[in-house]
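Trainee: Here you go, one structure.
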Amino acid sequence: MSHKLGIKKLKIKVFRFNKEQDYLPHYDLFEMDVNQDELVLDIMNRIKWEHDGSFSYRRSCRHGICGSCSVKVNQKPTLACKDNVFELVDIFGEELVIEPQDIKRAYKDMVIDKENFWNKYNSIQPYVVAHIDEFPTMENIITQEKAELLEEADYCISCGNCFYACPVVEVNDEFVGPMALTKAWRFNADVRDDVTSQRLDKLQEIGSGIWDCVKCNECAQACPKELSPIDKITKLHQQTFQEKRSINNVAVRHAVGFKWSIQKHGILDEGELVRYSEGNIGVLKHIPEAIAMFKRGKIVMPWNMPKSKNLSEIQKLVEISSTVNY
Amino acid sequence: MKQLKYALYTGCTARESTPELLKSTMAIAKKLGIELVLLDEASCCGASHLQDFDDGLSLTLNARNISYAEKLELPMVTICNTCQLNTALAKDRLDNDEALKAKINKNLAEVGLEYKGTSEVKHFLYALQDDFGYENIAKLVTNPISDINVASFYGCHNIRPSQLQNKTNGGENPYKPVSLDNLVLALGGNTVEYESKNKCCGFHVELQNPTTANKLSGTAMLDAIDNNADVMVTPCPLCHLRMDVQQHGISKEVGREVSIPVLHLPQMVGIALGIEPKELGLHHNVTQIGINL
């Protein structure tokens with residue numbers, strides 16, 4: 001209960017673990033009066049300064065730009081110097097649980113080993129590769145339009161919120177994750193860069209690259225700079241087709257198959273899409289589920305395939321508004 | 001109460017692999033007195049995959065779909081989360097960029113159509129929550145689902161990104177969604193608290209990476225099962241296809257039997273409203289409901 005306007009008595013549970021000493025982590029509970037202006041970082045500072053000097057976390061700028069103080073509050077990725085505590089109370093109530101970004105990687109309290117994050121970042125060549133003329137005779141002008149392509153992605157502060165929110169990162173060690181892909185777009189959209197095609201080739205590998213994104217939008221939700229990493233992943237997908245670098249794999253055929261299906265029926269021919277994506281041999285592995293679905297009346301036979309009304313309109317639009325070919 | 005009327009964008013799966021979704025949607029709309037006009041002209045929304053291939057084409061097709069709702073001067077409702085996200089994304093971009101809208105309308109003009117931006121696009125779940133009102137549904141419940149524990153599985157594309165979704169989803173918080181749970185309560189059911197309710201089922205990588213898809217669905221489903229769920233419910237037919245149809249593959253992947261019936265949102269509402277199982281298409285569900293409803 002608030003005993004004064006603008007102040008709330010909160011229960012703050014904090015994850016504690018010291019990899020050098022502890023077998024298991026535990027949680028410390030702090031009951032604190034928190035005012036309406038305090039940020040999560042203020043709370044962590046007070047815990048360290050007023051309660052337990054051994055409490056460890058990363059922090060530096062306190063202005064949402066260094067990206068070092070990210071944690072999770074009740075599982076919500078949180079840049080501690082940005083998120084207001086009262087706003088979190090509005091979502092989760094008066095008991096807040098502060099945990100590191102990934103408890104499996106905890107080193108000491110909020111400090112985690114971010115090696116996986118940085119290795120993946122390094123793997124996409126996160127820099128401009130260009131042959132620079134040492135004695136240019138004229139300015140190298142980049143139009144505003146071209147500069148705007150990469151601008152948003154350039155605001156990434158590498159906090160790791162998106163990476164440690166990504167469910168694919170959680171289950172697939174290979175996946176480079178939303179931050180590395182946002183950076184990949186930042187450099188692939190840079191007109192000065194000479195290795196865009198190589199980056200695209202590498203990013204198309206199934207398992208690690210763009211086709212392994214599950215489109216959950218956790219990254220867009222988690223980004224404290226509101227950069228929408230998934231939007232950059234989509235742009236990389238599109239770039240593979242625009243630059244004619246797309247390779248012939250199941251995911252590429254799946255994306256392209258939508259166009260063929262829409263052109264033919266308006267709506268999707270689900271069975272044919274799976275066959276087209278998997279190929280005539282690959283599709284065989286789907287037979288058990290197809291039988292199960294058939295028994296329940298969930299499979300539409302080709303001769304019964306419904307079509308959108310006014311299909312000719314759709315076909316005309318596919319014809320005139322397509323911007324890429326495959 | 002004024003009669004509610006919407007243009008229904010069924011999406012593709014409701015016409016093919018989840019016929020029970022369309023059947024149950026129409027059945028509960030009839031029972032609740034909501035008029036749904038089928039948008040038979042609509043095409044596929046692209047499901048985020050056409051968007052990966054050709055942005056201009058997917059925008060044009062989505063603008064066309066919405067324009068048919070606008071012609072009827074009706075708000076559009078969707079019954080698939082992925083249709084909802086992709087339609088709403090297209091709408092948001094067109095409504096906030098006059099130049100883009102003009103460009104897309106040039107395409108549409110070739111077939112005598114125009115996108116104006118006058119029809120709202122929302123998922124049927126939120127039409128029930130915000131327009132019809134759960135309290136009004138509760139009054140019509142004849143068969144409260146009080147004997148079962150229901151785990152609500154929200155599906156990504158109704159709740160994220162909230163900046164976009166909050167325009168039509170009643171301000172649902174993606175880290176603590178409540179709409180489905182509140183609906184379960186209105187139907188007399190018991191809700192299951194579990195962490196995975198707002199997580200991803202992995203549907204969109206099912207072909208290229210079934211391991212990822214199965215691990216994600218499996219984790220969420222086991223979380224529901226371990227928290228004593230008897231049944232799961234989802235507003236998304238793609239989550240449903242994953243979790244209802246793929247239980248064998250999921251079980252193999254996670255090394256534990258994952259077996260739980262999964263209902264579509266309107267099937268659950270229909271059961272509580274006393275609608276016949278056949279009308280709700282319960283016979284189409286692959287994992288049959290072994291509990292007495």
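Lettering and numbering for the structure tokens are positional, with chains as A, B, ... in the shown order, residues counted from 1 in each chain, and ligands counted from 1 in the shown order.
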Near region 177-183 of chain A, counting only C-alpha atoms, which residues have an atom at most 8 Å away, once you skip same-chain residues fewer than 6 positions from it, shown as a list in words?
Mentor: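 Using only C-alpha atoms, the neighbours found are Lys120, Tyr121, Asn122, Ile124, Pro126, Ala153, Asp154, Cys156, Ser158, Gly160, Cys162, Phe163, Cys166, Val168, Val169, Gly209, Ile210, Cys213, Cys219, Pro229, Ile230, Lys232 and Ile233 of chain A.
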Trainee: Can I get the selection written as a compact mmCIF listing (two decimals), in the first residue's frame, with N, CA and C atoms?
Mentor:
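Saved to part.txt:
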```txt
# COMPACT_ATOMS: atom_id res chain seq x y z
N LYS A 120 28.54 -14.22 -32.14
CA LYS A 120 27.61 -14.16 -33.26
C LYS A 120 27.67 -12.81 -33.95
N TYR A 121 27.82 -11.80 -33.16
CA TYR A 121 27.99 -10.45 -33.72
C TYR A 121 29.24 -10.43 -34.62
N ASN A 122 30.34 -10.97 -34.13
CA ASN A 122 31.58 -10.99 -34.91
C ASN A 122 31.45 -11.82 -36.19
N ILE A 124 29.26 -11.98 -38.44
CA ILE A 124 28.61 -11.42 -39.65
C ILE A 124 29.45 -10.32 -40.29
N PRO A 126 30.92 -7.40 -38.91
CA PRO A 126 30.18 -6.19 -38.54
C PRO A 126 30.98 -4.90 -38.79
N ALA A 153 19.00 0.87 -38.12
CA ALA A 153 19.80 -0.25 -37.62
C ALA A 153 21.08 0.25 -36.95
N ASP A 154 21.52 1.40 -37.36
CA ASP A 154 22.75 1.96 -36.81
C ASP A 154 22.58 2.43 -35.37
N CYS A 156 21.41 0.69 -33.00
CA CYS A 156 21.50 -0.45 -32.08
C CYS A 156 22.62 -0.21 -31.07
N SER A 158 23.63 -2.59 -28.88
CA SER A 158 24.20 -3.89 -28.50
C SER A 158 23.91 -4.29 -27.05
N GLY A 160 21.70 -6.45 -26.11
CA GLY A 160 21.41 -7.88 -26.00
C GLY A 160 19.97 -8.19 -25.61
N CYS A 162 17.26 -8.11 -27.37
CA CYS A 162 16.59 -8.91 -28.39
C CYS A 162 17.16 -10.33 -28.41
N PHE A 163 18.48 -10.41 -28.33
CA PHE A 163 19.16 -11.70 -28.41
C PHE A 163 18.69 -12.64 -27.29
N CYS A 166 15.11 -13.88 -27.70
CA CYS A 166 14.80 -14.68 -28.90
C CYS A 166 14.63 -16.15 -28.53
N VAL A 168 14.50 -18.68 -30.46
CA VAL A 168 15.32 -19.57 -31.29
C VAL A 168 16.74 -19.67 -30.71
N VAL A 169 17.27 -18.54 -30.25
CA VAL A 169 18.58 -18.55 -29.59
C VAL A 169 18.57 -19.55 -28.43
N GLY A 209 20.98 -18.90 -40.02
CA GLY A 209 20.73 -17.60 -40.63
C GLY A 209 19.29 -17.12 -40.62
N ILE A 210 19.00 -16.26 -41.60
CA ILE A 210 17.71 -15.56 -41.63
C ILE A 210 16.50 -16.49 -41.71
N CYS A 213 14.52 -17.62 -38.35
CA CYS A 213 13.71 -16.71 -37.52
C CYS A 213 12.28 -17.23 -37.49
N CYS A 219 11.82 -9.87 -30.46
CA CYS A 219 12.92 -8.91 -30.59
C CYS A 219 12.40 -7.49 -30.74
N PRO A 229 14.21 -5.34 -34.79
CA PRO A 229 15.14 -6.25 -35.47
C PRO A 229 14.46 -7.15 -36.50
N ILE A 230 13.25 -7.60 -36.23
CA ILE A 230 12.59 -8.50 -37.19
C ILE A 230 12.35 -7.79 -38.52
N LYS A 232 14.41 -5.73 -39.83
CA LYS A 232 15.70 -5.80 -40.54
C LYS A 232 15.93 -7.21 -41.10
N ILE A 233 15.46 -8.21 -40.37
CA ILE A 233 15.57 -9.59 -40.85
C ILE A 233 14.73 -9.74 -42.13
```
Trainee: Which residues are near Asn228 (chain B)? Cut-off 9 Å, only C-alpha atoms, ignore same chain within fewer than 2 positions. Put them as an MDAnalysis selection string.
Mentor: chainID B and resid 149:151 192 223:226 230
Trainee: Tell me the residues of chain B close to chain A, meaning within 6 Å using only C-alpha atoms, as a PDB file with all heavy atoms, in the first residue's frame.
Mentor:
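Dumped everything to result_21.pdb:
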```
ATOM      1  N   CYS B  12      -6.526 -18.444 -45.052  1.00  0.00           N
ATOM      2  CA  CYS B  12      -6.540 -19.685 -45.856  1.00  0.00           C
ATOM      3  C   CYS B  12      -6.812 -20.932 -45.027  1.00  0.00           C
ATOM      4  O   CYS B  12      -7.563 -21.810 -45.450  1.00  0.00           O
ATOM      5  CB  CYS B  12      -5.212 -19.850 -46.593  1.00  0.00           C
ATOM      6  SG  CYS B  12      -4.741 -18.403 -47.546  1.00  0.00           S
ATOM      7  N   GLU B  16      -9.205 -24.546 -45.332  1.00  0.00           N
ATOM      8  CA  GLU B  16      -8.571 -25.801 -45.750  1.00  0.00           C
ATOM      9  C   GLU B  16      -8.280 -26.723 -44.556  1.00  0.00           C
ATOM     10  O   GLU B  16      -9.071 -27.569 -44.220  1.00  0.00           O
ATOM     11  CB  GLU B  16      -7.278 -25.484 -46.517  1.00  0.00           C
ATOM     12  CG  GLU B  16      -7.540 -24.690 -47.810  1.00  0.00           C
ATOM     13  CD  GLU B  16      -6.273 -24.335 -48.536  1.00  0.00           C
ATOM     14  OE1 GLU B  16      -5.535 -25.261 -48.927  1.00  0.00           O
ATOM     15  OE2 GLU B  16      -5.987 -23.124 -48.696  1.00  0.00           O
ATOM     16  N   SER B  17      -7.141 -26.502 -43.879  1.00  0.00           N
ATOM     17  CA  SER B  17      -6.721 -27.494 -42.875  1.00  0.00           C
ATOM     18  C   SER B  17      -7.362 -27.311 -41.493  1.00  0.00           C
ATOM     19  O   SER B  17      -7.217 -28.182 -40.644  1.00  0.00           O
ATOM     20  CB  SER B  17      -5.200 -27.474 -42.733  1.00  0.00           C
ATOM     21  OG  SER B  17      -4.768 -26.164 -42.459  1.00  0.00           O
ATOM     22  N   ASP B  40     -15.213 -13.298 -49.478  1.00  0.00           N
ATOM     23  CA  ASP B  40     -14.803 -14.382 -50.375  1.00  0.00           C
ATOM     24  C   ASP B  40     -13.812 -13.916 -51.435  1.00  0.00           C
ATOM     25  O   ASP B  40     -13.160 -14.722 -52.084  1.00  0.00           O
ATOM     26  CB  ASP B  40     -16.036 -14.994 -51.059  1.00  0.00           C
ATOM     27  CG  ASP B  40     -16.868 -15.808 -50.091  1.00  0.00           C
ATOM     28  OD1 ASP B  40     -16.273 -16.424 -49.188  1.00  0.00           O
ATOM     29  OD2 ASP B  40     -18.109 -15.817 -50.223  1.00  0.00           O
ATOM     30  N   GLU B  41     -13.719 -12.589 -51.604  1.00  0.00           N
ATOM     31  CA  GLU B  41     -12.800 -12.062 -52.623  1.00  0.00           C
ATOM     32  C   GLU B  41     -11.360 -12.053 -52.137  1.00  0.00           C
ATOM     33  O   GLU B  41     -10.424 -11.930 -52.930  1.00  0.00           O
ATOM     34  CB  GLU B  41     -13.169 -10.613 -52.981  1.00  0.00           C
ATOM     35  CG  GLU B  41     -14.549 -10.429 -53.588  1.00  0.00           C
ATOM     36  CD  GLU B  41     -15.624 -10.267 -52.523  1.00  0.00           C
ATOM     37  OE1 GLU B  41     -15.301 -10.403 -51.311  1.00  0.00           O
ATOM     38  OE2 GLU B  41     -16.786 -10.016 -52.888  1.00  0.00           O
ATOM     39  N   SER B  43      -7.579 -12.575 -50.770  1.00  0.00           N
ATOM     40  CA  SER B  43      -6.497 -13.507 -51.073  1.00  0.00           C
ATOM     41  C   SER B  43      -5.767 -13.847 -49.777  1.00  0.00           C
ATOM     42  O   SER B  43      -6.111 -13.342 -48.710  1.00  0.00           O
ATOM     43  CB  SER B  43      -5.512 -12.864 -52.048  1.00  0.00           C
ATOM     44  OG  SER B  43      -4.811 -11.827 -51.379  1.00  0.00           O
ATOM     45  N   CYS B  44      -4.750 -14.661 -49.905  1.00  0.00           N
ATOM     46  CA  CYS B  44      -3.861 -14.954 -48.778  1.00  0.00           C
ATOM     47  C   CYS B  44      -3.175 -13.654 -48.338  1.00  0.00           C
ATOM     48  O   CYS B  44      -2.906 -12.780 -49.155  1.00  0.00           O
ATOM     49  CB  CYS B  44      -2.826 -15.970 -49.243  1.00  0.00           C
ATOM     50  SG  CYS B  44      -1.479 -16.260 -48.095  1.00  0.00           S
ATOM     51  N   HIS B  49       5.685 -14.753 -45.164  1.00  0.00           N
ATOM     52  CA  HIS B  49       6.630 -15.398 -46.084  1.00  0.00           C
ATOM     53  C   HIS B  49       6.648 -14.699 -47.441  1.00  0.00           C
ATOM     54  O   HIS B  49       7.714 -14.483 -48.018  1.00  0.00           O
ATOM     55  CB  HIS B  49       6.291 -16.888 -46.224  1.00  0.00           C
ATOM     56  CG  HIS B  49       6.306 -17.590 -44.900  1.00  0.00           C
ATOM     57  ND1 HIS B  49       7.473 -17.825 -44.217  1.00  0.00           N
ATOM     58  CD2 HIS B  49       5.307 -18.048 -44.122  1.00  0.00           C
ATOM     59  CE1 HIS B  49       7.181 -18.423 -43.070  1.00  0.00           C
ATOM     60  NE2 HIS B  49       5.878 -18.566 -42.991  1.00  0.00           N
ATOM     61  N   LEU B  50       5.451 -14.332 -47.943  1.00  0.00           N
ATOM     62  CA  LEU B  50       5.429 -13.545 -49.179  1.00  0.00           C
ATOM     63  C   LEU B  50       6.112 -12.196 -48.911  1.00  0.00           C
ATOM     64  O   LEU B  50       6.795 -11.651 -49.774  1.00  0.00           O
ATOM     65  CB  LEU B  50       3.988 -13.334 -49.656  1.00  0.00           C
ATOM     66  CG  LEU B  50       3.871 -12.596 -50.998  1.00  0.00           C
ATOM     67  CD1 LEU B  50       4.414 -13.451 -52.137  1.00  0.00           C
ATOM     68  CD2 LEU B  50       2.424 -12.201 -51.295  1.00  0.00           C
ATOM     69  N   ASP B  52       8.640 -11.749 -47.089  1.00  0.00           N
ATOM     70  CA  ASP B  52      10.092 -11.964 -47.194  1.00  0.00           C
ATOM     71  C   ASP B  52      10.550 -11.924 -48.642  1.00  0.00           C
ATOM     72  O   ASP B  52      11.689 -11.588 -48.939  1.00  0.00           O
ATOM     73  CB  ASP B  52      10.467 -13.350 -46.630  1.00  0.00           C
ATOM     74  CG  ASP B  52      10.393 -13.396 -45.120  1.00  0.00           C
ATOM     75  OD1 ASP B  52      10.373 -12.318 -44.493  1.00  0.00           O
ATOM     76  OD2 ASP B  52      10.364 -14.512 -44.578  1.00  0.00           O
ATOM     77  N   PHE B  53       9.649 -12.277 -49.538  1.00  0.00           N
ATOM     78  CA  PHE B  53       9.982 -12.387 -50.957  1.00  0.00           C
ATOM     79  C   PHE B  53       9.750 -11.068 -51.688  1.00  0.00           C
ATOM     80  O   PHE B  53      10.644 -10.545 -52.355  1.00  0.00           O
ATOM     81  CB  PHE B  53       9.145 -13.520 -51.572  1.00  0.00           C
ATOM     82  CG  PHE B  53       9.302 -13.680 -53.065  1.00  0.00           C
ATOM     83  CD1 PHE B  53      10.562 -13.718 -53.654  1.00  0.00           C
ATOM     84  CD2 PHE B  53       8.186 -13.814 -53.878  1.00  0.00           C
ATOM     85  CE1 PHE B  53      10.696 -13.873 -55.033  1.00  0.00           C
ATOM     86  CE2 PHE B  53       8.317 -13.972 -55.253  1.00  0.00           C
ATOM     87  CZ  PHE B  53       9.578 -13.995 -55.834  1.00  0.00           C
ATOM     88  N   LEU B  57       4.334  -6.568 -53.572  1.00  0.00           N
ATOM     89  CA  LEU B  57       3.216  -7.449 -53.912  1.00  0.00           C
ATOM     90  C   LEU B  57       2.364  -7.746 -52.675  1.00  0.00           C
ATOM     91  O   LEU B  57       1.134  -7.686 -52.727  1.00  0.00           O
ATOM     92  CB  LEU B  57       3.750  -8.752 -54.522  1.00  0.00           C
ATOM     93  CG  LEU B  57       2.715  -9.826 -54.845  1.00  0.00           C
ATOM     94  CD1 LEU B  57       1.676  -9.325 -55.832  1.00  0.00           C
ATOM     95  CD2 LEU B  57       3.392 -11.092 -55.379  1.00  0.00           C
ATOM     96  N   VAL B 111      -7.448  -2.544 -61.190  1.00  0.00           N
ATOM     97  CA  VAL B 111      -8.558  -3.504 -61.093  1.00  0.00           C
ATOM     98  C   VAL B 111      -9.801  -2.822 -60.490  1.00  0.00           C
ATOM     99  O   VAL B 111     -10.701  -3.492 -59.973  1.00  0.00           O
ATOM    100  CB  VAL B 111      -8.161  -4.757 -60.268  1.00  0.00           C
ATOM    101  CG1 VAL B 111      -7.092  -5.554 -60.993  1.00  0.00           C
ATOM    102  CG2 VAL B 111      -7.677  -4.375 -58.871  1.00  0.00           C
ATOM    103  N   CYS B 156       1.855 -15.415 -30.927  1.00  0.00           N
ATOM    104  CA  CYS B 156       2.646 -14.172 -31.037  1.00  0.00           C
ATOM    105  C   CYS B 156       1.921 -13.038 -31.744  1.00  0.00           C
ATOM    106  O   CYS B 156       1.968 -11.882 -31.328  1.00  0.00           O
ATOM    107  CB  CYS B 156       3.919 -14.450 -31.835  1.00  0.00           C
ATOM    108  SG  CYS B 156       4.934 -15.735 -31.130  1.00  0.00           S
ATOM    109  N   ARG B 160       2.247  -9.116 -30.229  1.00  0.00           N
ATOM    110  CA  ARG B 160       3.493  -8.406 -30.521  1.00  0.00           C
ATOM    111  C   ARG B 160       3.533  -7.962 -31.981  1.00  0.00           C
ATOM    112  O   ARG B 160       3.051  -8.718 -32.836  1.00  0.00           O
ATOM    113  CB  ARG B 160       4.700  -9.327 -30.247  1.00  0.00           C
ATOM    114  CG  ARG B 160       4.997  -9.537 -28.797  1.00  0.00           C
ATOM    115  CD  ARG B 160       6.249 -10.391 -28.605  1.00  0.00           C
ATOM    116  NE  ARG B 160       6.028 -11.764 -29.005  1.00  0.00           N
ATOM    117  CZ  ARG B 160       5.630 -12.740 -28.208  1.00  0.00           C
ATOM    118  NH1 ARG B 160       5.438 -12.516 -26.930  1.00  0.00           N
ATOM    119  NH2 ARG B 160       5.439 -13.965 -28.676  1.00  0.00           N
ATOM    120  N   PRO B 161       4.142  -6.849 -32.359  1.00  0.00           N
ATOM    121  CA  PRO B 161       4.652  -5.844 -31.429  1.00  0.00           C
ATOM    122  C   PRO B 161       3.495  -5.004 -30.857  1.00  0.00           C
ATOM    123  O   PRO B 161       2.583  -4.643 -31.600  1.00  0.00           O
ATOM    124  CB  PRO B 161       5.555  -4.989 -32.320  1.00  0.00           C
ATOM    125  CG  PRO B 161       5.016  -5.149 -33.700  1.00  0.00           C
ATOM    126  CD  PRO B 161       4.395  -6.512 -33.761  1.00  0.00           C
ATOM    127  N   CYS B 200       6.183 -18.514 -28.344  1.00  0.00           N
ATOM    128  CA  CYS B 200       6.038 -18.860 -29.755  1.00  0.00           C
ATOM    129  C   CYS B 200       5.904 -20.379 -29.934  1.00  0.00           C
ATOM    130  O   CYS B 200       6.587 -21.151 -29.273  1.00  0.00           O
ATOM    131  CB  CYS B 200       7.261 -18.364 -30.514  1.00  0.00           C
ATOM    132  SG  CYS B 200       7.258 -18.787 -32.264  1.00  0.00           S
ATOM    133  N   GLY B 202       6.528 -21.822 -32.910  1.00  0.00           N
ATOM    134  CA  GLY B 202       7.527 -22.232 -33.893  1.00  0.00           C
ATOM    135  C   GLY B 202       6.991 -22.558 -35.275  1.00  0.00           C
ATOM    136  O   GLY B 202       7.736 -23.015 -36.148  1.00  0.00           O
ATOM    137  N   HIS B 204       6.357 -21.022 -37.953  1.00  0.00           N
ATOM    138  CA  HIS B 204       6.915 -20.447 -39.178  1.00  0.00           C
ATOM    139  C   HIS B 204       8.254 -21.043 -39.620  1.00  0.00           C
ATOM    140  O   HIS B 204       8.740 -20.694 -40.693  1.00  0.00           O
ATOM    141  CB  HIS B 204       6.981 -18.917 -39.074  1.00  0.00           C
ATOM    142  CG  HIS B 204       5.607 -18.309 -39.092  1.00  0.00           C
ATOM    143  ND1 HIS B 204       4.944 -18.035 -40.266  1.00  0.00           N
ATOM    144  CD2 HIS B 204       4.758 -17.986 -38.096  1.00  0.00           C
ATOM    145  CE1 HIS B 204       3.753 -17.552 -39.981  1.00  0.00           C
ATOM    146  NE2 HIS B 204       3.611 -17.507 -38.679  1.00  0.00           N
ATOM    147  N   VAL B 205       8.849 -21.925 -38.801  1.00  0.00           N
ATOM    148  CA  VAL B 205      10.040 -22.633 -39.295  1.00  0.00           C
ATOM    149  C   VAL B 205       9.806 -24.143 -39.362  1.00  0.00           C
ATOM    150  O   VAL B 205      10.755 -24.923 -39.465  1.00  0.00           O
ATOM    151  CB  VAL B 205      11.310 -22.343 -38.440  1.00  0.00           C
ATOM    152  CG1 VAL B 205      11.679 -20.876 -38.519  1.00  0.00           C
ATOM    153  CG2 VAL B 205      11.143 -22.801 -37.002  1.00  0.00           C
ATOM    154  N   GLN B 208      11.633 -25.694 -42.546  1.00  0.00           N
ATOM    155  CA  GLN B 208      13.097 -25.640 -42.621  1.00  0.00           C
ATOM    156  C   GLN B 208      13.781 -26.088 -41.341  1.00  0.00           C
ATOM    157  O   GLN B 208      14.932 -26.500 -41.379  1.00  0.00           O
ATOM    158  CB  GLN B 208      13.595 -24.245 -43.028  1.00  0.00           C
ATOM    159  CG  GLN B 208      13.230 -23.105 -42.107  1.00  0.00           C
ATOM    160  CD  GLN B 208      11.998 -22.375 -42.587  1.00  0.00           C
ATOM    161  OE1 GLN B 208      11.038 -22.993 -42.984  1.00  0.00           O
ATOM    162  NE2 GLN B 208      12.018 -21.062 -42.551  1.00  0.00           N
ATOM    163  N   HIS B 284     -13.071 -32.622 -36.265  1.00  0.00           N
ATOM    164  CA  HIS B 284     -11.897 -32.344 -37.112  1.00  0.00           C
ATOM    165  C   HIS B 284     -10.598 -32.290 -36.304  1.00  0.00           C
ATOM    166  O   HIS B 284      -9.504 -32.380 -36.864  1.00  0.00           O
ATOM    167  CB  HIS B 284     -12.063 -31.009 -37.839  1.00  0.00           C
ATOM    168  CG  HIS B 284     -13.091 -31.032 -38.933  1.00  0.00           C
ATOM    169  ND1 HIS B 284     -12.986 -31.840 -40.040  1.00  0.00           N
ATOM    170  CD2 HIS B 284     -14.242 -30.333 -39.093  1.00  0.00           C
ATOM    171  CE1 HIS B 284     -14.036 -31.635 -40.834  1.00  0.00           C
ATOM    172  NE2 HIS B 284     -14.812 -30.731 -40.271  1.00  0.00           N
TER     173      HIS B 284
END
```
Trainee: Report, in Å to a single decimal, how far apart CA of Arg192 (chain A) and CA of Glu148 (chain A) are.
Mentor: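 Value for the CA of Glu148 (chain A)-CA of Arg192 (chain A) distance: 13.8 Å.
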Trainee: Give the answer as one residue: which of B:Val233, B:Met221, B:Ile28, B:Leu238 has the shortest atom-to-atom distance to Val254 (chain B), using only C-alpha atoms?
Mentor: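 The shortest atom-to-atom distance to Val254 (chain B) comes from B:Met221.
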Trainee: So, with only C-alpha atoms as the atoms that count, which of B:Pro75, B:Pro261, B:Pro235, B:Gly46 lies closest to Thr168 (chain B)?
Mentor: B:Pro75
Trainee: If you run DSSP on the backbone here, which positions in region 79-119 of chain B get helix (DSSP H, G or I)? Please write them as number ranges by chain.
Mentor: B: 81-95, 98-109
Trainee: Show me, as a list in words, the residues that have an atom within 8 Å of Lys199 (chain B) when counting only C-alpha atoms, minus same-chain residues fewer than 2 positions from it.
Mentor: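 Within the cut-off, the hits are Cys216 of chain A; Phe153, Tyr154, Gly155, Cys156, Ser196, Lys197, Cys201 and Ala220 of chain B.
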Trainee: So that I can check the surroundings of Ser68 (chain A), please list as a list of chain:residue names every protein, DNA and RNA residue that reaches within 6 Å of it, counting only C-alpha atoms and ignoring chain neighbours fewer than 3 positions away.
Mentor: A:Arg58, A:Arg59, A:Cys159
Trainee: I need the residues of region 44-237 of chain B that end up classed as strand (DSSP E or B) by DSSP on the backbone, written out as a ChimeraX atom specification.
Mentor: /B:76-78,121-123,149-152,190-191,231-234
Trainee: Here is a test: counting only C-alpha atoms, which residue of B:Thr142, B:Leu125, B:Gly218, B:Leu273 is nearest to Asp181 (chain B)?
Mentor: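 That would be B:Leu125, the residue with the smallest distance to Asp181 (chain B).
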Trainee: Contacts of region 41-57 of chain A at 10 Å or less, counting only C-alpha atoms, minus same-chain residues fewer than 2 places along, as a compact mmCIF listing (two decimals) with C-alpha atoms, in the first residue's frame?
Mentor:
```txt
# COMPACT_ATOMS: atom_id res chain seq x y z
CA ILE A 12 11.96 -6.75 -5.06
CA VAL A 14 16.78 -10.40 -6.91
CA PHE A 15 18.61 -13.32 -8.51
CA ARG A 16 21.89 -14.05 -6.71
CA PHE A 17 24.62 -16.36 -7.90
CA ASN A 18 28.39 -16.48 -7.74
CA PHE A 30 14.22 -6.55 -0.51
CA MET A 32 11.72 -1.01 -0.59
CA ASP A 33 9.86 2.28 -0.83
CA VAL A 34 10.13 3.24 -4.46
CA ASP A 37 10.62 8.59 -10.87
CA GLU A 38 12.88 5.68 -10.05
CA LEU A 39 14.23 3.42 -12.77
CA ARG A 59 26.27 -0.26 -15.68
CA ARG A 62 22.83 5.74 -17.28
CA SER A 68 25.41 -2.46 -20.49
CA CYS A 69 22.70 -2.54 -17.80
CA SER A 70 20.15 -4.86 -19.43
CA VAL A 71 18.40 -7.36 -17.16
CA THR A 78 14.64 -4.39 -19.55
CA LEU A 79 17.31 -1.77 -20.11
CA ALA A 80 17.61 -0.89 -16.43
CA CYS A 81 18.39 2.79 -16.98
CA LYS A 82 15.34 3.24 -19.20
CA ASP A 83 12.45 1.33 -17.65
CA ASN A 84 10.48 3.11 -14.96
CA VAL A 85 9.65 0.90 -11.96
CA ILE A 98 15.02 -8.96 -11.28
CA PRO A 100 20.04 -11.52 -15.48
CA TYR A 107 28.57 -15.32 -13.76
CA LYS A 108 27.83 -13.15 -10.78
CA ASP A 109 24.30 -11.95 -10.04
CA MET A 110 23.25 -9.81 -13.05
CA VAL A 111 26.60 -10.19 -14.78
CA ILE A 112 26.41 -12.84 -17.49
```
Trainee: Using Å and a single decimal, report how far CA of Thr234 (chain B) sits from CA of Ile66 (chain B).
Mentor: 24.3 Å
Trainee: Which residue out of A:Ile65, A:Asn116, A:Ser60, A:Glu87 has the minimum interatomic distance to Lys104 (chain A) when only C-alpha atoms are used?
Mentor: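 Distance minimum relative to Lys104 (chain A) lands on A:Asn116.
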Trainee: Please identify all polymer residues within 10 Å of Leu39 (chain B), counting only C-alpha atoms, omitting same-chain residues fewer than 4 positions from it, and present them as a ChimeraX atom specification.
Mentor: /A:308-309 /B:6-11,43,65-66,68-69,72,76
Trainee: Rounded to one decimal place, report the CA of Lys5 (chain B)-CA of Glu35 (chain B) distance in Å.
Mentor: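 Spanning CA of Lys5 (chain B) to CA of Glu35 (chain B) is a straight-line distance of 4.5 Å.
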Trainee: Show me, as a list in words, the residues that have an atom within 9 Å of Glu257 (chain B) when counting only C-alpha atoms, minus same-chain residues fewer than 6 positions from it.
Mentor: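 Within the cut-off, the hits are Leu222, Gln247, His248, Ile250 and Ser251 of chain B.
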